[in-house]
Structures are given as structure tokens and as C-alpha cells.
Amino acid sequence: MKYSELAGIYESLEKTSKRLEKTFIISKFLKKTKEDDIDKIVLMLQGRLFPLWDETKIGVSNRLVIKAISAATGASPAKVEDEWKKIGDLGLVAEKLVEKKSQATLFSRELTAEKVFDNLRKLPLQEGAGSVDLKVKMIAELLSSAKPLEARYVVRTVLEDLRIGVGTGSMRDALVWAFFGDKVKINYNHEDKSINPDNREEYNRLTEAVQHAFDLKADYGEVAKMIIRKGEKAFGELTMEPGSPINVMLYPKAKDLADAFETVGKPCAIEFKYDGFRMQIHKKAGKDGEIKIFTRRLDEVTKQFPEVIEYVKDFVHAKEFIIDSEAVGYEPKTGKYLPFQAISQRIKRKYDIDKMSREFPVEVNVFDIILFEGRNLLNIPFIERRKIIEKIIKPHPKKLILAKQIITDSLKEAEKFYKEALSMGEEGVMAKNLQGIYKPGSRVGYGVKVKPVMESLDLVIVGAEWGTGKRSGWLTSFVLACRKGDKFLEIGKVGTGVKELEEEGVSFEELTKLLKPLIISEEGKVARIKPKIIIEINYEEIQKSPSYSSGYALRFPRFVRLREDKALSDISDLDLVEELYLQQFDSKK
């Protein structure tokens with residue numbers, strides 16, 4: 001496929017903010033995409049070169065891209081940087097400078113999508129002496145052959161900032177429209193950007209099927225290839241494989257234990273809700289019995305937790321499995337459990353791992369199993385899944401244990417257990433339907449969480465201001481956003497709770513180091529930041545506000561912790577914000 005075709009689609013997507021319009025554009029494009037290209041094109045439409053579960057990052061800096069633009073266009077690095085300061089987007093800078101060069105030379109070779117994909121996929125593999133020059137050469141090679149519009153999107157893809165607003169929801173729906181649109185007769189209204197399938201029930205069924213396929217594969221490229229080859233038959237042939245992570249099941253919040261019983265039924269399982277992070281642990285059958293560990297956002301962290309590998313070998317007696325668990329940190333001298341933030345630094349640590357495992361050890365609390373000895377357990381009742389983990393796990397405190405649980409229909413007994421959880425420093429409890437299946441990625445009412453405080457929000461930082469005085473040189477006053485579909489809507493600013501000294505907790509300096517490479521543009525002291533860094537926020541209340549694009553503002557927001565274990569798809573959405581806003585009035589009645 002010519003890269004110019006894909007670039008044209010990028011431009012069309014960038015020009016509209018309407019989610020359904022984006023879905024329509026993508027679906028038409030996918031419909032004419034060949035089988036050999038479909039997986040690559042689906043990834044590239046999401047601004048990705050690797051599947052969601054693949055932790056490989058392109059890892060190219062703005063400075064390196066400036067060198068590549070200079071090499072390809074003949075403009076000096078100073079000229080490129082000057083244009084960047086004026087425009088604020090290296091993609092547009094590349095487009096402008098390539099256009100000037102094109103007018104001068106009137107020559108450009110045809111660039112293919114496959115060539116762009118292959119060149120950029122090789123960038124992370126370049127290491128050691130001379131690797132920087134080689135990366136510059138590989139990017140410059142593409143830019144030398146690119147038309148102006150193509151140059152814009154080559155650079156944005158390299159910097160992992162495509163700016164076309166295509167999320168997983170849009171891609172899921174586009175696959176349904178592209179490959180099953182004729183079957184359900186989707187009628188797209190261009191005027192009001194709405195759809196009205198003739199067969200709504202069938203449309204919903206197919207949408208769920210595509211979503212389920214993605215939840216198991218975590219790669220819409222692979223899902224698209226399966227569908228284009230086998231159509232609906234592909235859904236019946238889905239398999240889980242140890243080593244390939246699946247989206248974890250998510251749980252909504254209940255108002256209280258009475259509400260939890262009403263949602264999940266009686267009797268139900270009540271379990272401790274631990275203040276840690278999700279660990280999806282995989283073990284393959286065979287002589288090696290390879291073990292891998294993934295976070296809830298599907299990042300592989302096997303190397304960061306060598307002690308957990310040993311725990312699994314010693315205390316989980318099965319040849320092949322995928323188990324769901326929560327890793328909780330504790331103080332090695334006292335054995336006292338620690339909040340998530342105390343161990344979150346281990347998730348991304350690549351050095352001094354043995355030292356970190358001694359200083360910040362974790363206890364693995366296993367609460368579910370989704371594959372056992374080759375058997376898919378997704379549709380097996382929770383009570384049966386629990387029996388399997390009770391059978392295969394030999395608990396060992398401060399290493400690997402079963403999540404603490406009772407089964408009851410008594411509100412009084414549940415409340416006693418809840419108070420016990422809180423007294424031990426846990427976040428609260430989970431209430432689970434005994435007959436509930438495991439539904440990856442869904443909040444479906446098979447389980448709920450009960451916590452004592454008003455629900456905190458997981459929000460993404462989309463802006464900040466450079467500090468003054470004693471905070472000079474640091475980013476401060478962080479602009480927060482919630483999610484609505486594939487968009488990020490501002491909901492307030494926060495600075496309270498962030499520390500000035502690193503030893504006191506997450507500091508302005510630490511956040512500045514994380515955010516500085518993500519700065520998209522600056523105007524005076526205000527920086528616009530690529531949405532990536534997610535933080536948990538507490539607040540006194542939610543108010544209506546015309547000042548922010550969400551329509552809401554947080555009163556007295558306070559930084560709680562970094563959420564390095566969460567993906568952008570996990571951040572709080574506008575529906576939750578509205579629900580919590582209304583709950584405030586119920587609680588005051």
C-alpha cells in the first residue's frame with residue numbers, strides 16, 4: 001500500500017473531532033485493505049508499531065528527530081529548531097521543510113506503508129556505539145522519500161504522537177462496520193454523524209464478539225487479520241495462550257455493602273481489596289515452564305520481580321496456568337503492609353533489581369484463575385475457579401497466598417469482615433457473585449468493590465505551568481483530564497499533595513522528569529503535555545464548571561499517587577464523574 005493513502009486517511013481523521021465520523025473513515029479504509037497489510041495498517045492507525053501488550057518503545061527523542069529532518073531536507077538543525085519553536089509540532093515542521101525541498105528538486109520516490117512500518121520497527125533494535133547515527137539515517141531515509149503530508153505523519157509516528165484521536169473503541173467499531181456492515185446493514189447519517197443498524201441486536205452481538213477477541217489478544221491488528229481470513233468463525237476459534245496477556249476483569253464501586261449484596265446477590269464471596277497492583281501471572285507447560293508477569297496495562301514486568309518467579313515455582317503446583325492476583329508491598333523489618341506508592345517504583349525499574357526486591361518486597365495475593373492445564377476457565381463460575389486455586393496453591397505468608405475471603409449472606413458478618421480489612425490497612429473489600437464468569441475488560445456486575453472514602457479519580461496530566469521562586473525549573477499546577485470515548489476533557493488543576501523533596505514522596509522534580517519529554521508545545525509558562533502520565537486524585541467534591549471542557553471541576557483536588565500500572569483506557573470517564581456528582585446530592589439527603 002502507498003503510504004500516501006494512509007497519510008490521506010490520517011489527515012481526514014485529524015480534521016474531524018466526531019468519533020463516529022472517524023469510525024466511518026477507518027471502516028471504509030479497512031474494507032479495501034489487503035490481508036497482507038491489515039495487521040500493520042490497524043496498528044499504524046492507532047499510532048502504534050507494536051501491539052498493546054508489547055513493551056517495546058520506539059524511544060526516539062525530539063533532538064534526534066531534528067537531526068533526521070535536517071539530514072533529509074538540508075535545513076540546519078538550528079533552522080529546524082527555530083521552526084519547531086514557532087509551530088510547536090515537529091510533524092508540521094517536517095512537512096513544511098520537505099515541501100520547500102520538493103519544490104526545489106521536484107523529485108520524490110514512492111513511499112510504502114510497509115517500508116515506513118519496517119524502518120520504524122527497527123529503531124528500538126539499534127543499540128550501542130553508532131546507534132544514534134544509524135537511527136537518524138533510518139528516519140532521514142524515509143523523510144527523503146516522503147511527500148510533505150507523509151513527512152508530517154512519519155515524524156509524528158516516530159514520536160508516538162499521531163494526534164488523530166483514534167482509540168481502541170473507534171478501532172473496535174470500525175472493524176465491525178468494515179467486515180460485518182453489510183450483514184447488519186449499518187446506515188451512517190453524514191449530516192448528524194449517527195448510525196442506525198437495521199439489526200441492532202446483531203450489531204451489538206458482533207461488537208461484543210470483536211471486543212472479546214481484543215480482550216483476549218490485546219492486539220486489534222491480530223484480530224483484524226483473524227476476521228479478514230475467517231470472518232465470524234474466527235471468534236469460535238479464539239484461544240488463550242500463557243505468555244500472551246489478556247485484559248483483566250474490572251470491578252465497579254458499590255455505595256456500601258448493602259448495595260454490593262443487591263448487585264451481586266446472596267450469598268456472595270467477600271474478599272480483601274488490597275492496596276497493591278494487579279499481577280497477571282502466566283506459566284507455560286513444558287520442561288522450562290516459562291513464567292511471565294504482566295501488569296493490568298499489559299506491560300511485562302517479569303524481570304522486575306525475580307522473587308515472584310521463585311514464589312510461583314515453589315507455591316503454585318500446576319504445569320500451566322494464568323492466574324490473577326494483587327501484589328502488595330510490605331516493610332521487610334516489621335512486616336507491615338505498605339501503600340501502593342511505596343512499591344510502584346519497582347514496576348519500571350530496570351536496574352538494581354535484586355536490591356529493590358530486598359528493600360521493597362511484595363506479597364502476592366491470588367484471587368482468580370482464568371486458564372488451568374490448557375483449559376479455558378472464563379465461563380466457569382467463580383466459586384469453581386476459587387476451588388481450583390485453593391487446590392493448586394500452597395500459601396506462604398509474605399510470599400504468595402490466597403486472597404482472604406468469606407462466603408456469606410449476612411450483612412452483619414460482611415461488615416465485620418470489612419472493618420477487619422480496613423484495620424489491616426487494606427483499601428476495603430470486594431463482593432463477588434459466586435456464579436459469575438470472568439469477563440475480561442468489563443465492569444459487568446459479577447463483582448464490585450466497597451471502599452470507605454468517596455471514589456478517587458484516575459486522571460491524566462495534559463498540561464502544566466513552569467514554577468517560579470523555590471519551584472523554579474519544575475513543572476507545577478498540573479492540568480488534569482478525564483476521558484470521554486477517545487477524547488480527554490479537562491477537569492481541573494492540582495499541585496497539592498506533590499512534595500518538594502523526593503524523600504517525602506512523589507515530588508515536583510520527579511513529575512517534571514516524567515513530563516518534560518512529553519511536552520507538545522509551550523506558550524510562556526504554560527506547557528501542553530501529551531496524555532500519558534496517570535495520577536490518582538482525591539477531592540472534596542465535584543462541581544459544575546464552564547471553565548473546563550468536561551463541564552466539571554474538582555474542589556480541593558489532592559494528588560494521591562502515580563498510577564504507573566494503568567493505561568489511558570483505564571482513566572476515569574465522564575460518565576463516572578457525572579455519576580459521582582449526582583451521588584453527592586444523594587448523600588446529603
# chains A, B, ... in the order shown; residues from 1 in each chain; ligands from 1

$ residues_around --residues "Glu110 of chain A" --least-positions-apart "6" --cutoff "9 Å" --atoms "only C-alpha atoms" --output "list in words"
Lys2, Tyr3, Ser4, Ser145, Ala146 and Lys147 of chain A

$ write_last_selection --atoms "N, CA and C atoms" --output "compact mmCIF listing (two decimals), in the first residue's frame"
# COMPACT_ATOMS: atom_id res chain seq x y z
N LYS A 2 0.49 2.25 -0.81
CA LYS A 2 1.22 3.52 -0.81
C LYS A 2 1.01 4.22 0.53
N TYR A 3 2.10 4.75 1.07
CA TYR A 3 1.98 5.46 2.36
C TYR A 3 1.15 6.73 2.20
N SER A 4 1.12 7.26 0.99
CA SER A 4 0.33 8.47 0.74
C SER A 4 -1.15 8.21 1.01
N SER A 145 12.31 10.41 1.06
CA SER A 145 11.40 9.89 0.04
C SER A 145 9.96 10.38 0.23
N ALA A 146 9.71 11.06 1.35
CA ALA A 146 8.33 11.42 1.71
C ALA A 146 7.85 12.67 1.00
N LYS A 147 6.56 12.67 0.66
CA LYS A 147 5.89 13.89 0.25
C LYS A 147 5.62 14.70 1.52

$ residues_around --residues "Met249 of chain A" --least-positions-apart "6" --cutoff "7 Å" --atoms "only C-alpha atoms" --output "number ranges by chain"
A: 438-442

$ closest_atom_pairs --of "segment 16-64 of chain A" --to "segment 168-183 of chain A" --cutoff "7 Å" --atoms "only C-alpha atoms" --output "JSON lines"
{"residue": "A:Arg19", "atom": "CA", "partner": "A:Ser170", "partner_atom": "CA", "distance": 6.9}
{"residue": "A:Thr23", "atom": "CA", "partner": "A:Ala174", "partner_atom": "CA", "distance": 5.0}
{"residue": "A:Phe24", "atom": "CA", "partner": "A:Ala174", "partner_atom": "CA", "distance": 6.7}
{"residue": "A:Ile26", "atom": "CA", "partner": "A:Ala174", "partner_atom": "CA", "distance": 6.0}
{"residue": "A:Ser27", "atom": "CA", "partner": "A:Ala178", "partner_atom": "CA", "distance": 4.5}
{"residue": "A:Lys28", "atom": "CA", "partner": "A:Ala178", "partner_atom": "CA", "distance": 6.3}
{"residue": "A:Leu30", "atom": "CA", "partner": "A:Ala178", "partner_atom": "CA", "distance": 6.2}
{"residue": "A:Lys31", "atom": "CA", "partner": "A:Ala178", "partner_atom": "CA", "distance": 5.1}

$ closest_atom_pairs --of "segment 187-246 of chain A" --to "segment 277-295 of chain A" --cutoff "12 Å" --atoms "only C-alpha atoms" --output "CSV"
residue,atom,partner,partner_atom,distance
A:Met240,CA,A:His282,CA,10.8
A:Glu241,CA,A:Lys284,CA,8.2
A:Pro242,CA,A:His282,CA,5.2
A:Gly243,CA,A:His282,CA,5.8
A:Ser244,CA,A:His282,CA,8.2
A:Pro245,CA,A:Phe294,CA,6.8
A:Ile246,CA,A:Gln280,CA,8.6

$ write_last_selection --atoms "C-alpha atoms" --output "PDB file, in the first residue's frame"
ATOM      1  CA  MET A 240      -5.710 -18.104  25.341  1.00  0.00           C
ATOM      2  CA  GLU A 241      -2.028 -18.869  25.480  1.00  0.00           C
ATOM      3  CA  PRO A 242       0.223 -18.495  28.514  1.00  0.00           C
ATOM      4  CA  GLY A 243       2.699 -15.759  27.703  1.00  0.00           C
ATOM      5  CA  SER A 244       0.173 -13.586  25.846  1.00  0.00           C
ATOM      6  CA  PRO A 245      -1.651 -11.312  28.329  1.00  0.00           C
ATOM      7  CA  ILE A 246      -5.382 -10.696  28.298  1.00  0.00           C
TER       8      ILE A 246
END

$ residues_around --residues "Ser344 of chain A" --least-positions-apart "2" --cutoff "8 Å" --atoms "only C-alpha atoms" --output "list in words"
Phe340, Gln341, Ala342, Arg346, Ile347, Leu562, Arg563, Glu564 and Asp565 of chain A

$ write_last_selection --atoms "C-alpha atoms" --output "PDB file, in the first residue's frame"
ATOM      1  CA  PHE A 340       0.868   1.057  46.579  1.00  0.00           C
ATOM      2  CA  GLN A 341       3.020   4.128  46.056  1.00  0.00           C
ATOM      3  CA  ALA A 342       5.787   2.629  48.194  1.00  0.00           C
ATOM      4  CA  ARG A 346       9.501  -1.348  41.039  1.00  0.00           C
ATOM      5  CA  ILE A 347       7.196  -1.611  38.017  1.00  0.00           C
ATOM      6  CA  LEU A 562       1.237   7.892  40.418  1.00  0.00           C
ATOM      7  CA  ARG A 563      -0.660   5.109  38.649  1.00  0.00           C
ATOM      8  CA  GLU A 564       2.091   3.565  36.551  1.00  0.00           C
ATOM      9  CA  ASP A 565       0.096   0.335  36.464  1.00  0.00           C
TER      10      ASP A 565
END

$ atom_distance --atom1 "atom CA of Ile491 of chain A" --atom2 "atom CA of Leu459 of chain A"
8.9 Å

$ closest_residue --among "A:Glu150, A:Asp161, A:Glu21, A:Glu510" --to "Ile58 of chain A" --atoms "only C-alpha atoms"
A:Asp161

$ closest_residue --among "A:Thr112, A:Thr207, A:Asn433, A:Ser357" --to "Ile270 of chain A" --atoms "only C-alpha atoms"
A:Asn433

$ residues_around --residues "segment 530-544 of chain A" --least-positions-apart "4" --cutoff "6 Å" --atoms "only C-alpha atoms" --output "MDAnalysis selection string"
chainID A and resid 456:462 518 551:563 581

$ write_last_selection --atoms "N, CA and C atoms" --output "short mmCIF file (atom, residue, chain, number, x, y, z; two decimals), in the first residue's frame"
data_model
loop_
_atom_site.label_atom_id
_atom_site.label_comp_id
_atom_site.auth_asym_id
_atom_site.auth_seq_id
_atom_site.Cartn_x
_atom_site.Cartn_y
_atom_site.Cartn_z
N SER A 456 -11.97 7.93 44.48
CA SER A 456 -10.93 8.77 43.89
C SER A 456 -11.03 8.65 42.37
N LEU A 457 -10.36 9.53 41.67
CA LEU A 457 -10.38 9.52 40.21
C LEU A 457 -8.97 9.28 39.69
N ASP A 458 -8.86 8.49 38.65
CA ASP A 458 -7.59 8.29 37.95
C ASP A 458 -7.63 9.20 36.72
N LEU A 459 -6.80 10.23 36.72
CA LEU A 459 -6.83 11.24 35.67
C LEU A 459 -5.46 11.36 35.00
N VAL A 460 -5.46 11.89 33.79
CA VAL A 460 -4.21 12.00 33.03
C VAL A 460 -3.79 13.48 32.99
N ILE A 461 -2.49 13.71 33.08
CA ILE A 461 -1.97 15.08 33.02
C ILE A 461 -1.85 15.51 31.56
N VAL A 462 -2.49 16.65 31.21
CA VAL A 462 -2.46 17.14 29.82
C VAL A 462 -1.83 18.52 29.71
N LEU A 518 7.41 14.75 27.30
CA LEU A 518 6.07 14.65 26.71
C LEU A 518 5.50 16.01 26.33
N GLY A 551 -16.99 20.10 31.69
CA GLY A 551 -18.19 20.69 32.30
C GLY A 551 -18.19 20.58 33.81
N TYR A 552 -17.09 20.02 34.37
CA TYR A 552 -16.99 19.83 35.82
C TYR A 552 -15.63 20.31 36.30
N ALA A 553 -15.57 20.56 37.61
CA ALA A 553 -14.29 20.91 38.25
C ALA A 553 -14.22 20.21 39.59
N LEU A 554 -13.01 19.91 40.02
CA LEU A 554 -12.80 19.27 41.32
C LEU A 554 -12.50 20.34 42.36
N ARG A 555 -13.21 20.29 43.48
CA ARG A 555 -12.96 21.24 44.57
C ARG A 555 -11.91 20.65 45.50
N PHE A 556 -10.86 21.41 45.75
CA PHE A 556 -9.74 20.99 46.59
C PHE A 556 -9.16 19.63 46.18
N PRO A 557 -8.76 19.49 44.91
CA PRO A 557 -8.14 18.23 44.49
C PRO A 557 -6.79 18.03 45.16
N ARG A 558 -6.43 16.79 45.39
CA ARG A 558 -5.16 16.47 46.05
C ARG A 558 -4.52 15.25 45.39
N PHE A 559 -3.27 15.39 45.03
CA PHE A 559 -2.51 14.28 44.45
C PHE A 559 -2.37 13.15 45.48
N VAL A 560 -2.67 11.92 45.06
CA VAL A 560 -2.53 10.76 45.94
C VAL A 560 -1.31 9.94 45.56
N ARG A 561 -1.22 9.58 44.28
CA ARG A 561 -0.11 8.72 43.86
C ARG A 561 -0.05 8.63 42.34
N LEU A 562 1.09 8.25 41.83
CA LEU A 562 1.24 7.89 40.42
C LEU A 562 0.55 6.56 40.17
N ARG A 563 -0.07 6.40 39.01
CA ARG A 563 -0.66 5.11 38.65
C ARG A 563 0.06 4.57 37.42
N TYR A 581 -20.92 13.00 40.77
CA TYR A 581 -21.50 14.32 41.01
C TYR A 581 -22.92 14.19 41.56
#

$ atom_distance --atom1 "atom CA of Lys516 of chain A" --atom2 "atom CA of Trp53 of chain A"
24.9 Å

$ select_by_dssp --residues "segment 420-513 of chain A" --states "alpha helix (DSSP H)" --output "list in words"
Glu420, Ala421, Leu422, Ser423, Phe508, Glu509, Glu510, Leu511, Thr512 and Lys513 of chain A

$ write_last_selection --atoms "N, CA and C atoms" --output "PDB file, in the first residue's frame"
ATOM      1  N   GLU A 420     -12.395  -5.459  59.485  1.00  0.00           N
ATOM      2  CA  GLU A 420     -11.123  -6.159  59.670  1.00  0.00           C
ATOM      3  C   GLU A 420     -10.147  -5.775  58.550  1.00  0.00           C
ATOM      4  N   ALA A 421     -10.658  -5.716  57.309  1.00  0.00           N
ATOM      5  CA  ALA A 421      -9.823  -5.341  56.169  1.00  0.00           C
ATOM      6  C   ALA A 421      -9.255  -3.934  56.357  1.00  0.00           C
ATOM      7  N   LEU A 422     -10.107  -3.006  56.770  1.00  0.00           N
ATOM      8  CA  LEU A 422      -9.666  -1.620  56.953  1.00  0.00           C
ATOM      9  C   LEU A 422      -8.655  -1.506  58.086  1.00  0.00           C
ATOM     10  N   SER A 423      -8.871  -2.275  59.167  1.00  0.00           N
ATOM     11  CA  SER A 423      -7.956  -2.222  60.313  1.00  0.00           C
ATOM     12  C   SER A 423      -6.572  -2.742  59.952  1.00  0.00           C
ATOM     13  N   PHE A 508       7.766  17.343  42.772  1.00  0.00           N
ATOM     14  CA  PHE A 508       7.650  18.138  41.549  1.00  0.00           C
ATOM     15  C   PHE A 508       8.790  17.786  40.591  1.00  0.00           C
ATOM     16  N   GLU A 509       9.971  17.549  41.153  1.00  0.00           N
ATOM     17  CA  GLU A 509      11.129  17.215  40.323  1.00  0.00           C
ATOM     18  C   GLU A 509      10.908  15.888  39.593  1.00  0.00           C
ATOM     19  N   GLU A 510      10.371  14.895  40.318  1.00  0.00           N
ATOM     20  CA  GLU A 510      10.118  13.585  39.697  1.00  0.00           C
ATOM     21  C   GLU A 510       9.077  13.698  38.591  1.00  0.00           C
ATOM     22  N   LEU A 511       7.993  14.429  38.861  1.00  0.00           N
ATOM     23  CA  LEU A 511       6.962  14.597  37.836  1.00  0.00           C
ATOM     24  C   LEU A 511       7.491  15.374  36.643  1.00  0.00           C
ATOM     25  N   THR A 512       8.347  16.361  36.905  1.00  0.00           N
ATOM     26  CA  THR A 512       8.934  17.135  35.806  1.00  0.00           C
ATOM     27  C   THR A 512       9.772  16.240  34.904  1.00  0.00           C
ATOM     28  N   LYS A 513      10.547  15.331  35.493  1.00  0.00           N
ATOM     29  CA  LYS A 513      11.368  14.400  34.702  1.00  0.00           C
ATOM     30  C   LYS A 513      10.492  13.508  33.825  1.00  0.00           C
TER      31      LYS A 513
END

$ select_by_dssp --residues "segment 231-473 of chain A" --states "strand (DSSP E)" --output "ChimeraX atom specification"
/A:268-273,277-283,291-294,321-329,362-372,375-376,400-402,405-408,428-433,447-450,457-466

$ residues_around --residues "Ala209 of chain A" --least-positions-apart "4" --cutoff "7 Å" --atoms "only C-alpha atoms" --output "mmCIF file with C-alpha atoms, in the first residue's frame"
data_model
loop_
_atom_site.group_PDB
_atom_site.id
_atom_site.type_symbol
_atom_site.label_atom_id
_atom_site.label_comp_id
_atom_site.auth_asym_id
_atom_site.auth_seq_id
_atom_site.Cartn_x
_atom_site.Cartn_y
_atom_site.Cartn_z
ATOM 1 C CA ARG A 205 -23.557 -9.136 19.375
ATOM 2 C CA ALA A 213 -11.376 -11.022 20.785
ATOM 3 C CA PHE A 235 -14.494 -15.848 17.193
#

$ atom_distance --atom1 "atom CA of Ser547 of chain A" --atom2 "atom CA of Glu490 of chain A"
8.9 Å

$ residues_around --residues "Lys355 of chain A" --least-positions-apart "2" --cutoff "12 Å" --atoms "only C-alpha atoms" --output "mmCIF file with C-alpha atoms, in the first residue's frame"
data_model
loop_
_atom_site.group_PDB
_atom_site.id
_atom_site.type_symbol
_atom_site.label_atom_id
_atom_site.label_comp_id
_atom_site.auth_asym_id
_atom_site.auth_seq_id
_atom_site.Cartn_x
_atom_site.Cartn_y
_atom_site.Cartn_z
ATOM 1 C CA GLN A 304 11.467 -6.604 37.772
ATOM 2 C CA PHE A 305 10.097 -9.257 40.140
ATOM 3 C CA PRO A 306 12.561 -12.196 40.283
ATOM 4 C CA GLU A 307 11.340 -13.186 43.762
ATOM 5 C CA ARG A 346 9.501 -1.348 41.039
ATOM 6 C CA ARG A 349 12.836 -0.308 37.399
ATOM 7 C CA LYS A 350 15.403 -1.957 35.124
ATOM 8 C CA TYR A 351 18.488 -1.627 37.310
ATOM 9 C CA ASP A 352 19.400 -2.709 40.857
ATOM 10 C CA ILE A 353 16.536 -5.178 40.719
ATOM 11 C CA SER A 357 13.386 -6.750 45.733
ATOM 12 C CA ARG A 358 15.070 -6.818 49.150
ATOM 13 C CA GLU A 359 14.188 -3.239 50.091
ATOM 14 C CA PHE A 360 10.633 -3.299 48.682
ATOM 15 C CA PRO A 361 9.424 -6.923 48.779
#

$ residues_around --residues "Lys255 of chain A" --least-positions-apart "2" --cutoff "10 Å" --atoms "only C-alpha atoms" --output "PyMOL selection string"
chain A and resi 252-253+257-260+448-452+454-455+583+587

$ closest_residue --among "A:Lys333, A:Arg375, A:Arg385, A:Lys86" --to "Gln435 of chain A" --atoms "only C-alpha atoms"
A:Arg385

$ closest_residue --among "A:Lys18, A:Lys387, A:Lys404, A:Lys230" --to "His190 of chain A" --atoms "only C-alpha atoms"
A:Lys18

$ closest_residue --among "A:Glu310, A:Ile437, A:Ile38, A:Leu123" --to "Asn379 of chain A" --atoms "only C-alpha atoms"
A:Ile437

$ decode --residues "segment 521-537 of chain A" --atoms "N, CA and C atoms" --output "CSV table (one decimal), in the first residue's frame"
chain,number,residue,atom,x,y,z
A,521,SER,N,3.9,21.5,23.3
A,521,SER,CA,4.1,22.9,22.9
A,521,SER,C,4.2,23.7,24.2
A,522,GLU,N,4.8,24.9,24.1
A,522,GLU,CA,4.8,25.8,25.2
A,522,GLU,C,4.5,27.2,24.8
A,523,GLU,N,3.7,27.9,25.6
A,523,GLU,CA,3.4,29.3,25.4
A,523,GLU,C,3.6,30.0,26.7
A,524,GLY,N,4.7,30.8,26.8
A,524,GLY,CA,5.0,31.4,28.1
A,524,GLY,C,5.4,30.3,29.1
A,525,LYS,N,4.7,30.4,30.2
A,525,LYS,CA,5.0,29.4,31.3
A,525,LYS,C,4.1,28.1,31.1
A,526,VAL,N,3.1,28.2,30.2
A,526,VAL,CA,2.2,27.1,30.1
A,526,VAL,C,2.7,26.0,29.1
A,527,ALA,N,2.7,24.8,29.5
A,527,ALA,CA,3.1,23.7,28.6
A,527,ALA,C,1.9,22.8,28.3
A,528,ARG,N,1.7,22.4,27.1
A,528,ARG,CA,0.7,21.4,26.7
A,528,ARG,C,1.5,20.0,26.7
A,529,ILE,N,0.9,19.0,27.3
A,529,ILE,CA,1.6,17.8,27.5
A,529,ILE,C,0.8,16.6,26.9
A,530,LYS,N,1.6,15.7,26.2
A,530,LYS,CA,1.0,14.5,25.6
A,530,LYS,C,0.4,13.7,26.8
A,531,PRO,N,-0.9,13.2,26.6
A,531,PRO,CA,-1.5,12.4,27.7
A,531,PRO,C,-0.8,11.1,27.9
A,532,LYS,N,-0.2,10.9,29.0
A,532,LYS,CA,0.5,9.6,29.2
A,532,LYS,C,0.6,9.3,30.7
A,533,ILE,N,0.9,10.3,31.5
A,533,ILE,CA,1.2,10.1,33.0
A,533,ILE,C,-0.2,10.2,33.7
A,534,ILE,N,-0.5,9.1,34.4
A,534,ILE,CA,-1.8,9.0,35.1
A,534,ILE,C,-1.6,9.1,36.6
A,535,ILE,N,-2.4,9.9,37.2
A,535,ILE,CA,-2.3,10.0,38.7
A,535,ILE,C,-3.6,9.9,39.3
A,536,GLU,N,-3.6,9.4,40.6
A,536,GLU,CA,-4.9,9.3,41.3
A,536,GLU,C,-5.1,10.5,42.1
A,537,ILE,N,-6.3,11.0,42.1
A,537,ILE,CA,-6.7,12.3,42.7
A,537,ILE,C,-7.9,12.1,43.7
